[in-house]
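S.K.: Got a structure for you, final_19.txt, holding compact mmCIF, N, CA and C atoms.
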```txt
# COMPACT_ATOMS: atom_id res chain seq x y z
N MET A 1 0.85 -1.17 0.00
CA MET A 1 0.00 0.00 0.00
C MET A 1 0.90 1.23 0.00
N SER A 2 0.81 2.05 -1.00
CA SER A 2 1.66 3.23 -1.10
C SER A 2 0.87 4.47 -0.70
N GLY A 3 1.60 5.54 -0.33
CA GLY A 3 0.98 6.79 0.07
C GLY A 3 0.38 7.51 -1.12
N GLU A 4 -0.26 8.63 -0.86
CA GLU A 4 -0.90 9.39 -1.95
C GLU A 4 0.11 9.96 -2.92
N ASP A 5 1.34 10.22 -2.46
CA ASP A 5 2.36 10.82 -3.31
C ASP A 5 3.22 9.76 -3.98
N GLY A 6 2.84 8.50 -3.89
CA GLY A 6 3.64 7.44 -4.46
C GLY A 6 4.79 7.04 -3.55
N GLU A 7 4.72 7.43 -2.27
CA GLU A 7 5.76 7.09 -1.32
C GLU A 7 5.63 5.63 -0.90
N ALA A 8 6.72 5.12 -0.39
CA ALA A 8 6.68 3.76 0.14
C ALA A 8 5.87 3.74 1.42
N PRO A 9 5.22 2.64 1.74
CA PRO A 9 4.42 2.57 2.97
C PRO A 9 5.30 2.66 4.21
N VAL A 10 4.74 3.21 5.25
CA VAL A 10 5.44 3.31 6.53
C VAL A 10 5.14 2.05 7.33
N PRO A 11 6.15 1.46 7.95
CA PRO A 11 5.89 0.25 8.75
C PRO A 11 4.85 0.51 9.82
N GLY A 12 3.94 -0.42 9.99
CA GLY A 12 2.89 -0.29 10.99
C GLY A 12 1.68 0.46 10.47
N GLY A 13 1.70 0.94 9.27
CA GLY A 13 0.56 1.64 8.69
C GLY A 13 0.37 3.05 9.22
N ALA A 14 1.36 3.62 9.90
CA ALA A 14 1.23 4.97 10.43
C ALA A 14 1.26 5.98 9.29
N PRO A 15 0.49 7.08 9.43
CA PRO A 15 0.52 8.09 8.38
C PRO A 15 1.89 8.74 8.28
N SER A 16 2.29 9.07 7.06
CA SER A 16 3.62 9.63 6.84
C SER A 16 3.57 11.14 6.60
N GLY A 17 2.53 11.82 7.10
CA GLY A 17 2.38 13.25 6.90
C GLY A 17 3.29 14.05 7.81
N PRO A 18 3.11 15.35 7.80
CA PRO A 18 3.94 16.21 8.64
C PRO A 18 3.65 15.94 10.12
N PRO A 19 4.59 16.27 10.99
CA PRO A 19 4.36 16.03 12.42
C PRO A 19 3.18 16.83 12.95
N ARG A 20 2.48 16.25 13.91
CA ARG A 20 1.30 16.88 14.49
C ARG A 20 1.70 18.01 15.42
N GLN A 21 1.02 19.15 15.32
CA GLN A 21 1.29 20.28 16.20
C GLN A 21 0.03 20.57 17.01
N PRO A 22 0.19 21.00 18.27
CA PRO A 22 -1.00 21.30 19.08
C PRO A 22 -1.76 22.50 18.54
N ARG A 23 -3.06 22.50 18.84
CA ARG A 23 -3.90 23.63 18.42
C ARG A 23 -3.52 24.88 19.21
N PRO A 24 -3.74 26.06 18.66
CA PRO A 24 -3.51 27.29 19.42
C PRO A 24 -4.44 27.34 20.63
N ILE A 25 -4.01 28.00 21.70
CA ILE A 25 -4.77 28.03 22.95
C ILE A 25 -6.15 28.65 22.76
N ILE A 26 -6.27 29.67 21.92
CA ILE A 26 -7.57 30.32 21.72
C ILE A 26 -8.55 29.36 21.06
N GLU A 27 -8.06 28.53 20.15
CA GLU A 27 -8.92 27.54 19.50
C GLU A 27 -9.35 26.47 20.50
N ARG A 28 -8.42 26.06 21.36
CA ARG A 28 -8.76 25.04 22.37
C ARG A 28 -9.79 25.58 23.36
N ILE A 29 -9.66 26.85 23.74
CA ILE A 29 -10.63 27.45 24.66
C ILE A 29 -12.00 27.53 23.99
N GLY A 30 -12.04 27.92 22.72
CA GLY A 30 -13.30 28.01 21.99
C GLY A 30 -13.98 26.66 21.86
N LEU A 31 -13.21 25.63 21.52
CA LEU A 31 -13.79 24.30 21.40
C LEU A 31 -14.29 23.78 22.74
N ALA A 32 -13.56 24.07 23.80
CA ALA A 32 -14.01 23.66 25.13
C ALA A 32 -15.29 24.40 25.53
N ALA A 33 -15.42 25.66 25.13
CA ALA A 33 -16.64 26.42 25.43
C ALA A 33 -17.84 25.83 24.69
N VAL A 34 -17.64 25.44 23.45
CA VAL A 34 -18.72 24.80 22.69
C VAL A 34 -19.12 23.49 23.36
N ALA A 35 -18.13 22.72 23.80
CA ALA A 35 -18.42 21.46 24.50
C ALA A 35 -19.18 21.72 25.79
N LEU A 36 -18.84 22.79 26.50
CA LEU A 36 -19.54 23.12 27.75
C LEU A 36 -21.00 23.46 27.49
N VAL A 37 -21.27 24.22 26.44
CA VAL A 37 -22.65 24.56 26.10
C VAL A 37 -23.44 23.30 25.76
N LEU A 38 -22.85 22.42 24.97
CA LEU A 38 -23.55 21.18 24.62
C LEU A 38 -23.75 20.29 25.85
N ALA A 39 -22.77 20.27 26.75
CA ALA A 39 -22.92 19.48 27.98
C ALA A 39 -24.07 20.04 28.84
N LEU A 40 -24.20 21.36 28.89
CA LEU A 40 -25.32 21.95 29.62
C LEU A 40 -26.67 21.54 29.01
N LEU A 41 -26.72 21.49 27.69
CA LEU A 41 -27.96 21.05 27.03
C LEU A 41 -28.27 19.59 27.35
N PHE A 42 -27.24 18.74 27.28
CA PHE A 42 -27.44 17.32 27.64
C PHE A 42 -27.88 17.20 29.10
N GLY A 43 -27.26 17.99 29.98
CA GLY A 43 -27.66 17.96 31.39
C GLY A 43 -29.09 18.42 31.59
N GLY A 44 -29.51 19.42 30.83
CA GLY A 44 -30.90 19.87 30.90
C GLY A 44 -31.87 18.80 30.45
N VAL A 45 -31.52 18.10 29.40
CA VAL A 45 -32.36 16.99 28.93
C VAL A 45 -32.43 15.90 30.00
N ALA A 46 -31.28 15.62 30.63
CA ALA A 46 -31.25 14.59 31.67
C ALA A 46 -32.12 14.99 32.85
N ALA A 47 -32.02 16.25 33.29
CA ALA A 47 -32.82 16.70 34.44
C ALA A 47 -34.31 16.70 34.11
N ALA A 48 -34.67 17.22 32.94
CA ALA A 48 -36.09 17.25 32.57
C ALA A 48 -36.65 15.84 32.42
N SER A 49 -35.86 14.94 31.89
CA SER A 49 -36.32 13.57 31.72
C SER A 49 -36.48 12.89 33.07
N TRP A 50 -35.57 13.16 33.99
CA TRP A 50 -35.65 12.57 35.33
C TRP A 50 -36.92 13.05 36.05
N ILE A 51 -37.17 14.36 35.95
CA ILE A 51 -38.37 14.92 36.58
C ILE A 51 -39.63 14.36 35.95
N GLY A 52 -39.59 14.15 34.63
CA GLY A 52 -40.75 13.63 33.91
C GLY A 52 -40.93 12.13 34.01
N GLY A 53 -40.00 11.44 34.66
CA GLY A 53 -40.17 10.00 34.85
C GLY A 53 -39.60 9.15 33.73
N GLU A 54 -38.91 9.75 32.77
CA GLU A 54 -38.30 8.99 31.68
C GLU A 54 -36.87 8.62 32.08
N LEU A 55 -36.72 7.55 32.82
CA LEU A 55 -35.43 7.21 33.41
C LEU A 55 -34.38 6.85 32.37
N PHE A 56 -34.77 6.12 31.33
CA PHE A 56 -33.80 5.74 30.31
C PHE A 56 -33.24 6.97 29.60
N LEU A 57 -34.12 7.89 29.24
CA LEU A 57 -33.68 9.12 28.58
C LEU A 57 -32.83 9.97 29.53
N ALA A 58 -33.16 9.96 30.81
CA ALA A 58 -32.36 10.70 31.79
C ALA A 58 -30.95 10.15 31.88
N VAL A 59 -30.84 8.84 31.90
CA VAL A 59 -29.51 8.22 31.96
C VAL A 59 -28.73 8.52 30.69
N MET A 60 -29.37 8.42 29.55
CA MET A 60 -28.68 8.70 28.29
C MET A 60 -28.25 10.17 28.21
N GLY A 61 -29.09 11.08 28.68
CA GLY A 61 -28.71 12.49 28.71
C GLY A 61 -27.53 12.74 29.65
N GLY A 62 -27.54 12.06 30.80
CA GLY A 62 -26.43 12.18 31.73
C GLY A 62 -25.13 11.66 31.16
N VAL A 63 -25.20 10.53 30.48
CA VAL A 63 -24.00 9.96 29.84
C VAL A 63 -23.50 10.90 28.75
N GLY A 64 -24.40 11.46 27.97
CA GLY A 64 -24.00 12.43 26.94
C GLY A 64 -23.35 13.65 27.55
N CYS A 65 -23.87 14.12 28.67
CA CYS A 65 -23.30 15.27 29.37
C CYS A 65 -21.87 14.95 29.83
N LEU A 66 -21.69 13.82 30.48
CA LEU A 66 -20.36 13.45 30.98
C LEU A 66 -19.35 13.25 29.85
N MET A 67 -19.78 12.60 28.78
CA MET A 67 -18.86 12.35 27.67
C MET A 67 -18.47 13.66 26.98
N THR A 68 -19.41 14.58 26.86
CA THR A 68 -19.11 15.87 26.24
C THR A 68 -18.15 16.68 27.10
N LEU A 69 -18.36 16.65 28.42
CA LEU A 69 -17.42 17.33 29.33
C LEU A 69 -16.03 16.72 29.23
N TRP A 70 -15.98 15.41 29.13
CA TRP A 70 -14.70 14.70 29.05
C TRP A 70 -13.93 15.12 27.79
N VAL A 71 -14.62 15.12 26.66
CA VAL A 71 -13.97 15.49 25.40
C VAL A 71 -13.56 16.96 25.42
N GLY A 72 -14.39 17.82 26.00
CA GLY A 72 -14.02 19.23 26.11
C GLY A 72 -12.77 19.42 26.95
N ALA A 73 -12.68 18.67 28.06
CA ALA A 73 -11.49 18.76 28.90
C ALA A 73 -10.26 18.24 28.18
N LEU A 74 -10.41 17.14 27.45
CA LEU A 74 -9.27 16.62 26.68
C LEU A 74 -8.81 17.62 25.63
N THR A 75 -9.75 18.27 24.98
CA THR A 75 -9.40 19.26 23.97
C THR A 75 -8.65 20.43 24.60
N LEU A 76 -9.10 20.85 25.76
CA LEU A 76 -8.49 22.00 26.41
C LEU A 76 -7.09 21.68 26.95
N PHE A 77 -6.93 20.55 27.61
CA PHE A 77 -5.68 20.26 28.28
C PHE A 77 -4.66 19.50 27.44
N ARG A 78 -5.12 18.66 26.53
CA ARG A 78 -4.18 17.88 25.72
C ARG A 78 -3.83 18.60 24.43
N GLY A 79 -4.77 19.33 23.89
CA GLY A 79 -4.49 20.09 22.69
C GLY A 79 -4.81 19.32 21.46
```
Spit out the file's structure as structure tokens when you get a sec.

M.R.:
Amino acid sequence: MSGEDGEAPVPGGAPSGPPRQPRPIIERIGLAAVALVLALLFGGVAAASWIGGELFLAVMGGVGCLMTLWVGALTLFRG
């Protein structure tokens, strides 16, 4: 399997592109803010579902909230 430029394949199938660079801090803060807004929406769905007696939807909303917060934190701190 050769690369797009006709290069020889890299052992292990790793991409042979340029080295990865971290995102600028302002971009990481912006992406984390978007994740926070979405996590608040998921949390709102979870709370409303819990109050309304829809336990399955409440659990799914809570899981979505936690996963979104996790990804936002990874984006902010890992880059």

S.K.: What is the atom CA of A:Arg20-atom CA of A:Val71 distance in Å, reported with one decimal?

M.R.: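 If I compute the distance from atom CA of A:Arg20 to atom CA of A:Val71, I get 18.8 Å.
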
S.K.: Can you pull out the residues contacting stretch 73-79 of chain A? Cut-off 7 Å, using only C-alpha atoms, and skip same-chain residues under 6 positions away; I want them as a ChimeraX atom specification.

M.R.: /A:22-23,28-29,32

S.K.: Determine which residues of stretch 2-79 of chain A DSSP labels as helix (DSSP H, G or I) from the backbone of this structure, then write them out as number ranges by chain.

M.R.: A: 11-13, 25-52, 55-78

S.K.: Have a look at atom CA of A:Gly61 and atom N of A:Val34 and let me know their distance in Å, one decimal.

M.R.: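 Going from atom CA of A:Gly61 over to atom N of A:Val34, I get 17.8 Å.
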
S.K.: Suppose you want the space between atom C of A:Ala47 and atom CA of A:Gly30; what is it in Å?

M.R.: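 It comes out at 26.8 Å.
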
S.K.: For A:Ala58, which residue out of A:Gly17, A:Gly44, A:Gly72, A:Pro24 is the nearest one, using only C-alpha atoms?

M.R.: A:Gly44
